[in-house]
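A.B. asks: Coordinates in data.cif, mmCIF, C-alpha atoms and all ligand atoms, are listed below.
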data_upload
loop_
_atom_site.label_atom_id
_atom_site.label_comp_id
_atom_site.auth_asym_id
_atom_site.auth_seq_id
_atom_site.Cartn_x
_atom_site.Cartn_y
_atom_site.Cartn_z
CA MET A 230 0.00 0.00 0.00
CA HIS A 231 1.12 3.54 -0.64
CA MET A 232 2.60 5.52 2.21
CA ARG A 233 -0.04 8.26 1.98
CA GLN A 234 -2.90 5.72 2.09
CA ASN A 235 -1.19 4.06 5.04
CA ILE A 236 -1.02 7.26 6.99
CA LEU A 237 -4.66 8.12 6.20
CA LEU A 238 -5.75 4.67 7.39
CA LEU A 239 -3.77 5.02 10.61
CA ILE A 240 -5.21 8.46 11.33
CA LYS A 241 -8.72 7.19 10.64
CA ASN A 242 -8.08 4.26 12.96
CA TYR A 243 -6.83 6.60 15.68
CA LEU A 244 -10.04 8.62 15.48
CA PHE A 245 -12.36 5.64 14.95
CA PRO A 246 -10.54 2.55 16.25
CA SER A 247 -11.48 -0.50 14.21
CA ASP A 248 -11.54 -4.05 15.43
CA CYS A 249 -11.16 -7.45 13.83
CA ALA A 250 -14.38 -8.70 12.20
CA LEU A 251 -13.86 -12.13 13.74
CA CYS A 252 -12.20 -11.79 17.18
CA ASN A 253 -12.91 -8.10 17.92
CA ASP A 254 -9.28 -7.40 18.86
CA ASN A 255 -8.03 -3.93 18.02
CA LEU A 256 -6.40 -3.75 14.64
CA LEU A 257 -2.81 -2.66 14.86
CA ASN A 258 -1.35 -1.84 11.49
CA ALA A 259 -2.37 -0.55 8.06
CA ASP A 260 -2.63 -4.05 6.58
CA GLU A 261 -4.96 -5.28 9.30
CA ILE A 262 -7.10 -2.16 9.01
CA LYS A 263 -7.23 -2.49 5.23
CA TYR A 264 -8.79 -5.96 5.43
CA GLY A 265 -10.71 -5.49 8.70
CA LEU A 266 -9.05 -8.62 10.08
CA CYS A 267 -6.22 -9.13 12.54
CA MET A 268 -3.23 -11.05 11.25
CA ASN A 269 -4.08 -14.19 13.26
CA CYS A 270 -7.65 -14.38 12.03
CA LYS A 271 -6.63 -13.61 8.46
CA GLU A 272 -4.06 -16.38 8.50
CA SER A 273 -6.54 -18.83 9.98
CA LEU A 274 -8.75 -18.53 6.89
CA VAL A 275 -7.57 -21.11 4.42
CA TYR A 276 -8.66 -22.20 1.00
CA ILE A 277 -9.02 -25.95 1.42
CA GLU A 278 -6.91 -27.57 -1.27
CA GLY A 279 -7.87 -30.96 -2.60
CA GLU A 280 -10.14 -32.41 -5.23
CA ARG A 281 -12.94 -30.11 -6.33
CA CYS A 282 -15.81 -30.69 -8.72
CA ASN A 283 -14.76 -29.50 -12.19
CA LYS A 284 -18.21 -27.92 -12.64
CA CYS A 285 -19.43 -26.38 -9.39
CA GLY A 286 -16.14 -26.19 -7.47
CA LYS A 287 -17.43 -27.92 -4.33
CA PRO A 288 -15.05 -30.39 -2.66
CA LEU A 289 -15.42 -33.95 -3.91
CA VAL A 290 -15.94 -36.70 -1.39
CA SER A 291 -15.64 -40.02 -3.17
CA GLU A 292 -16.55 -38.82 -6.65
CA ILE A 293 -14.05 -38.34 -9.46
CA ASN A 294 -13.89 -35.08 -11.46
CA THR A 295 -17.58 -34.13 -11.29
CA CYS A 296 -19.83 -34.23 -8.23
CA LEU A 297 -23.03 -36.31 -8.25
CA SER A 298 -25.29 -33.26 -8.29
CA CYS A 299 -23.58 -31.77 -11.38
CA ARG A 300 -23.70 -35.17 -13.10
CA LYS A 301 -27.40 -35.58 -12.43
CA SER A 302 -28.47 -32.35 -14.07
CA GLU A 303 -27.03 -30.59 -17.11
CA VAL A 304 -25.45 -27.30 -16.09
CA SER A 305 -25.03 -24.22 -18.26
CA TYR A 306 -21.94 -22.83 -16.55
CA ASP A 307 -18.54 -24.02 -17.64
CA ARG A 308 -16.86 -23.87 -14.28
CA ILE A 309 -17.43 -22.39 -10.83
CA TRP A 310 -14.82 -21.70 -8.19
CA ALA A 311 -15.97 -21.50 -4.60
CA LEU A 312 -13.65 -20.25 -1.89
CA PHE A 313 -14.79 -21.18 1.59
CA PRO A 314 -17.30 -23.51 3.23
CA TYR A 315 -20.36 -21.66 4.49
CA THR A 316 -19.84 -22.78 8.09
CA GLY A 317 -18.26 -21.57 11.35
CA LYS A 318 -15.96 -18.59 11.12
CA TYR A 319 -16.37 -18.42 7.34
CA LYS A 320 -20.11 -18.00 7.69
CA GLU A 321 -19.48 -15.37 10.38
CA LEU A 322 -17.28 -13.53 7.92
CA LEU A 323 -20.18 -13.16 5.50
CA THR A 324 -22.59 -12.15 8.27
CA LYS A 325 -20.20 -9.41 9.37
CA TYR A 326 -19.82 -8.21 5.80
CA LYS A 327 -23.36 -8.53 4.50
CA PHE A 328 -25.43 -7.57 7.53
CA LEU A 329 -23.05 -5.54 9.71
CA LYS A 330 -21.43 -3.88 6.71
CA LYS A 331 -17.81 -4.49 7.71
CA LEU A 332 -16.73 -2.95 4.43
CA PRO A 333 -12.96 -3.63 4.66
CA LEU A 334 -13.79 -7.34 4.31
CA ALA A 335 -14.56 -6.60 0.66
CA GLU A 336 -10.84 -5.89 0.22
CA TYR A 337 -10.07 -9.32 1.60
CA PHE A 338 -12.66 -11.07 -0.59
CA ALA A 339 -11.51 -9.15 -3.65
CA GLU A 340 -7.93 -10.23 -3.09
CA LYS A 341 -8.99 -13.89 -2.84
CA ILE A 342 -11.09 -13.63 -5.99
CA LEU A 343 -8.24 -11.97 -7.90
CA ASP A 344 -6.00 -14.88 -6.86
CA ILE A 345 -8.41 -17.30 -8.51
CA ILE A 346 -8.73 -15.09 -11.59
CA ASN A 347 -4.97 -15.18 -12.00
CA LYS A 348 -4.53 -18.89 -11.26
CA ALA A 349 -7.38 -19.93 -13.51
CA GLU A 350 -6.24 -17.51 -16.25
CA LEU A 351 -9.57 -15.73 -16.33
CA ASN A 352 -8.04 -12.31 -16.88
CA ASP A 353 -9.89 -11.78 -20.15
CA ALA A 354 -13.29 -12.68 -18.75
CA ILE A 355 -15.73 -9.84 -18.19
CA ILE A 356 -17.11 -9.68 -14.65
CA VAL A 357 -20.89 -9.95 -14.34
CA PRO A 358 -22.38 -9.45 -10.87
CA VAL A 359 -25.38 -11.59 -9.92
CA PRO A 360 -28.27 -9.10 -9.96
CA PRO A 361 -29.85 -8.26 -6.58
CA ARG A 362 -33.57 -8.78 -6.07
CA PRO A 363 -35.51 -5.59 -6.80
CA GLY A 364 -35.88 -3.33 -3.80
CA LYS A 365 -32.90 -4.84 -1.99
CA LYS A 366 -30.84 -1.65 -2.19
CA LYS A 367 -33.76 0.37 -0.83
CA GLU A 368 -34.33 -2.03 2.06
CA THR A 369 -30.76 -2.70 3.11
CA GLY A 370 -29.01 0.36 1.72
CA TRP A 371 -26.60 -1.60 -0.39
CA ASP A 372 -25.82 -4.60 -2.57
CA GLN A 373 -22.91 -6.53 -1.09
CA VAL A 374 -22.10 -8.30 -4.37
CA ASP A 375 -21.95 -5.10 -6.37
CA TYR A 376 -19.79 -3.45 -3.71
CA LEU A 377 -17.35 -6.36 -4.01
CA VAL A 378 -17.40 -6.13 -7.80
CA LYS A 379 -16.41 -2.46 -7.56
CA LYS A 380 -13.32 -3.55 -5.62
CA LEU A 381 -12.49 -6.05 -8.36
CA LYS A 382 -12.87 -3.38 -10.99
CA LYS A 383 -10.09 -1.27 -9.53
CA PRO A 384 -7.25 -3.38 -10.91
CA ALA A 385 -8.65 -2.61 -14.39
CA LYS A 386 -11.09 -5.47 -14.80
CA SER A 387 -14.11 -4.93 -17.03
CA VAL A 388 -17.53 -5.19 -15.47
CA CYS A 389 -20.79 -5.73 -17.36
CA ARG A 390 -24.05 -5.28 -15.44
CA CYS A 391 -26.19 -6.88 -18.12
CA LEU A 392 -28.19 -9.17 -15.82
CA LYS A 393 -31.32 -7.86 -14.13
CA ARG A 394 -33.82 -9.47 -11.80
CA LYS A 395 -37.57 -9.14 -11.47
CA LYS A 396 -39.42 -9.65 -8.20
CA SER A 397 -39.66 -13.27 -7.14
CA SER A 398 -40.99 -15.16 -4.18
CA ILE A 399 -38.74 -16.42 -1.40
CA GLN A 400 -36.62 -19.38 -2.49
CA LYS A 401 -35.74 -21.02 0.79
CA GLU A 402 -38.23 -23.88 0.81
CA LEU A 403 -37.66 -24.91 -2.78
CA ASN A 404 -35.35 -27.61 -4.12
CA ARG A 405 -32.87 -26.99 -6.92
CA GLU A 406 -35.26 -27.74 -9.81
CA GLU A 407 -38.05 -25.65 -8.27
CA ARG A 408 -35.65 -22.78 -7.66
CA ILE A 409 -34.49 -22.86 -11.27
CA GLU A 410 -38.12 -22.82 -12.48
CA ASN A 411 -38.87 -19.96 -10.09
CA LEU A 412 -35.91 -17.90 -11.32
CA LYS A 413 -36.36 -18.53 -15.05
CA GLY A 414 -37.68 -15.43 -16.72
CA ARG A 415 -37.03 -13.42 -13.58
CA ILE A 416 -33.33 -13.11 -14.26
CA TYR A 417 -32.91 -11.65 -17.70
CA CYS A 418 -30.43 -9.82 -19.86
CA ASN A 419 -30.88 -6.08 -20.43
CA LYS A 420 -31.39 -5.89 -24.19
CA ASN A 421 -29.43 -2.64 -24.41
CA ILE A 422 -26.29 -4.23 -23.03
CA GLN A 423 -24.37 -6.83 -24.99
CA ALA A 424 -23.61 -9.92 -22.89
CA PRO A 425 -19.87 -10.63 -22.86
CA LYS A 426 -18.45 -13.53 -24.91
CA THR A 427 -16.59 -14.78 -21.85
CA ALA A 428 -18.38 -13.98 -18.61
CA LEU A 429 -17.27 -14.39 -15.03
CA VAL A 430 -20.29 -14.27 -12.74
CA ILE A 431 -19.66 -13.17 -9.15
CA ASP A 432 -21.90 -14.16 -6.23
CA ASP A 433 -21.52 -14.54 -2.48
CA VAL A 434 -22.97 -17.96 -1.66
CA PHE A 435 -23.35 -21.04 -3.86
CA THR A 436 -26.04 -23.26 -2.35
CA THR A 437 -27.96 -25.36 -4.84
CA GLY A 438 -26.36 -23.55 -7.77
CA SER A 439 -29.75 -22.50 -9.13
CA THR A 440 -28.87 -18.80 -9.32
CA MET A 441 -25.60 -19.50 -11.13
CA GLU A 442 -27.39 -21.93 -13.42
CA VAL A 443 -30.04 -19.41 -14.45
CA CYS A 444 -27.47 -16.59 -14.84
CA ALA A 445 -25.30 -18.81 -17.03
CA SER A 446 -28.16 -20.02 -19.17
CA VAL A 447 -29.46 -16.45 -19.69
CA LEU A 448 -25.97 -15.23 -20.60
CA LYS A 449 -25.53 -18.07 -23.09
CA GLN A 450 -28.93 -17.38 -24.66
CA ASN A 451 -27.72 -13.82 -25.12
CA GLY A 452 -24.46 -14.60 -26.86
CA ALA A 453 -21.99 -15.64 -24.17
CA GLU A 454 -19.82 -18.57 -25.24
CA LYS A 455 -18.20 -19.32 -21.91
CA VAL A 456 -19.61 -18.62 -18.46
CA TYR A 457 -17.42 -19.02 -15.40
CA GLY A 458 -18.31 -18.12 -11.88
CA ILE A 459 -16.66 -17.34 -8.56
CA CYS A 460 -18.57 -17.58 -5.29
CA LEU A 461 -17.11 -16.66 -1.92
CA PHE A 462 -18.82 -19.53 -0.09
CA TYR A 463 -20.28 -22.92 -0.87
CA ASP A 464 -23.03 -24.48 1.18
ZN ZN A 501 -8.99 -11.41 14.77
ZN ZN A 502 -20.45 -30.13 -8.84
#
Using C-alpha cells, write down the structure from this file.
Ligand SMILES: [Zn+2]
Ligand SMILES: [Zn+2]

C.D. replies:
Amino acid sequence: MHMRQNILLLIKNYLFPSDCALCNDNLLNADEIKYGLCMNCKESLVYIEGERCNKCGKPLVSEINTCLSCRKSEVSYDRIWALFPYTGKYKELLTKYKFLKKLPLAEYFAEKILDIINKAELNDAIIVPVPPRPGKKKETGWDQVDYLVKKLKKPAKSVCRCLKRKKSSIQKELNREERIENLKGRIYCNKNIQAPKTALVIDDVFTTGSTMEVCASVLKQNGAEKVYGICLFYD
C-alpha cells in the first residue's frame, strides 16, 4: 500500500478505532485495518486444497472429477470456483460483511477472488455481478455483491451489469429444480447491453447452484460462449 494511504488509514483508525471482524481485537497496522481482520484471524482462513468438482467447485468426497449433483443435471456454466465452506468462522465472515457492513472485508474477498482469476487464467473474462432482487438496495441500503465487484474493478477489470432481476418469491423452501423454475424469466439480460463472450459471474454464496445456473443459461442465450463463476462460499 502507498505511504499516503497508510497514513490516512492510521489516522482514521486513531479517530475511529477499528476491530477485527472475527475476534474483535483492536487492529494494529495498516494491513490489518485495510482488510478489517487481525493477522491471526486472516491467516486462519484457508482455502481448502484438494479435489474439487470440475463444474461447481465444491469439494469432492468419493466422486471423481464431477460431483453427483452436477452429473445428475445438465449445467449451463462451464466452471465455478468457490472459496470457503459456508460454516463456522467463514459464515461469520459473510454475516459481518453482509449484515453488519464491515466494508474492509470486501478488500479481503476481492484479493482472494483476484487470486483465482490469476490462477485460472480468467483475466480476459468480463465480470458480471449476480443481480440483486428488486428493492434490496432500498431495504438494506446496499448490494454486497456489487460493492465487491467495484473492488475487483479497480485493478482494471471490465464489469458488465447486463443481468437484471424481477421480483420473485422467497426461495428457501424450494429444491434446486423448483428454484431454477422460479428464477427462469425473472433473471434476464438487459437488451441494451451486450452480454460478454466470456463472462465471469460473481456471487456470495453457492447453495444449490440454481442462481448460477439461471445466470449462465441467460448469458448463453444472449451470446456468451463461456460462463465461469466465482462464489465466496459454498453451502
Ligand atoms: Zn482477529
Ligand atoms: Zn459439482

A.B. asks: What lies within 10 Å of stretch 352-358 of chain A using all atoms listed in the file, ignoring chain neighbours under 4 positions off, as a PyMOL selection string?

C.D. replies: chain A and resi 343+345-348+374-379+381-382+386-393+424-433+444+448+455-459

A.B. asks: List all protein, DNA and RNA residues that have at least one atom no more than 10 Å from any atom of ligand ZN 501 (chain A), counting only C-alpha atoms and all ligand atoms, and write them as JSON, numbers by chain.

C.D. replies: {"A": [248, 249, 250, 251, 252, 253, 254, 255, 256, 261, 265, 266, 267, 268, 269, 270, 271, 272, 273]}

A.B. asks: Using only C-alpha atoms and all ligand atoms, which residues of chain A come within 10 Å of ligand ZN 502 (chain A), and what is the closest atom pair for each, with the distance in Å to one decimal? Give it as a Markdown table, sorted by chain and residue number.

C.D. replies:
| residue | atom | partner | partner_atom | distance |
| --- | --- | --- | --- | --- |
| A:Arg281 | CA | A:ZN502 | ZN | 7.9 |
| A:Cys282 | CA | A:ZN502 | ZN | 4.7 |
| A:Asn283 | CA | A:ZN502 | ZN | 6.6 |
| A:Lys284 | CA | A:ZN502 | ZN | 4.9 |
| A:Cys285 | CA | A:ZN502 | ZN | 3.9 |
| A:Gly286 | CA | A:ZN502 | ZN | 6.0 |
| A:Lys287 | CA | A:ZN502 | ZN | 5.9 |
| A:Pro288 | CA | A:ZN502 | ZN | 8.2 |
| A:Leu289 | CA | A:ZN502 | ZN | 8.0 |
| A:Glu292 | CA | A:ZN502 | ZN | 9.8 |
| A:Asn294 | CA | A:ZN502 | ZN | 8.6 |
| A:Thr295 | CA | A:ZN502 | ZN | 5.5 |
| A:Cys296 | CA | A:ZN502 | ZN | 4.2 |
| A:Leu297 | CA | A:ZN502 | ZN | 6.7 |
| A:Ser298 | CA | A:ZN502 | ZN | 5.8 |
| A:Cys299 | CA | A:ZN502 | ZN | 4.4 |
| A:Arg300 | CA | A:ZN502 | ZN | 7.4 |
| A:Lys301 | CA | A:ZN502 | ZN | 9.5 |
| A:Ser302 | CA | A:ZN502 | ZN | 9.8 |
| A:Val304 | CA | A:ZN502 | ZN | 9.3 |
| A:Arg308 | CA | A:ZN502 | ZN | 9.0 |
| A:Ile309 | CA | A:ZN502 | ZN | 8.5 |
| A:Thr437 | CA | A:ZN502 | ZN | 9.8 |
| A:Gly438 | CA | A:ZN502 | ZN | 8.9 |

A.B. asks: In Å to one decimal, how far is atom CA of A:Val275 from atom CA of A:Leu323?

C.D. replies: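 It comes out at 14.9 Å.
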
A.B. asks: Taking (-12.3, -4.0, 6.0) in the file's own coordinates, collect the residues within 8 Å, counting all atoms listed in the file, and hand them back as a ChimeraX atom specification.

C.D. replies: /A:262-266,331-337

A.B. asks: Restricting the calculation to all atoms listed in the file: of A:Arg233, A:Lys383, A:Lys330, A:Arg362, which residue gets closest to A:Arg415?

C.D. replies: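 Among the listed residues, the smallest separation from A:Arg415 belongs to A:Arg362.
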
A.B. asks: Which distance in Å separates atom CA of A:Lys366 and atom CA of A:Thr436, to one decimal?

C.D. replies: 22.1 Å

A.B. asks: Interatomic distance between atom CA of A:Leu312 and atom CA of A:Gly279?

C.D. replies: 12.2 Å

A.B. asks: Give the answer as one residue: which of A:Ile277, A:Leu329, A:Ile416, A:Ile293 has the shortest atom-to-atom distance to A:Pro361, using only C-alpha atoms?

C.D. replies: A:Ile416

A.B. asks: I'd like to know which of A:Val290, A:Ala453, A:Leu351, A:Leu461 is closest to A:Gln373, using all atoms listed in the file.

C.D. replies: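 Checking each of A:Val290, A:Ala453, A:Leu351, A:Leu461 against A:Gln373, counting all atoms listed in the file, the winner is A:Leu461.
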
A.B. asks: Nearest residue to A:Val443 out of A:Pro314, A:Lys380, A:Lys396, A:Pro360, using all atoms listed in the file?

C.D. replies: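 Nearest candidate to A:Val443 out of A:Pro314, A:Lys380, A:Lys396, A:Pro360: A:Pro360.
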
A.B. asks: Using all atoms listed in the file for the distances, tell me which of A:Lys318, A:Ser291, A:Tyr276, A:Phe328 is nearest to A:Asp344.

C.D. replies: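 Using all atoms listed in the file, the shortest distance to A:Asp344 belongs to A:Tyr276.
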
A.B. asks: Which residue is closest to A:His231? Choose from A:Lys365, A:Lys320, A:Asp260, A:Ser397 and count all atoms listed in the file.

C.D. replies: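 For A:His231, the nearest of the candidates is A:Asp260.
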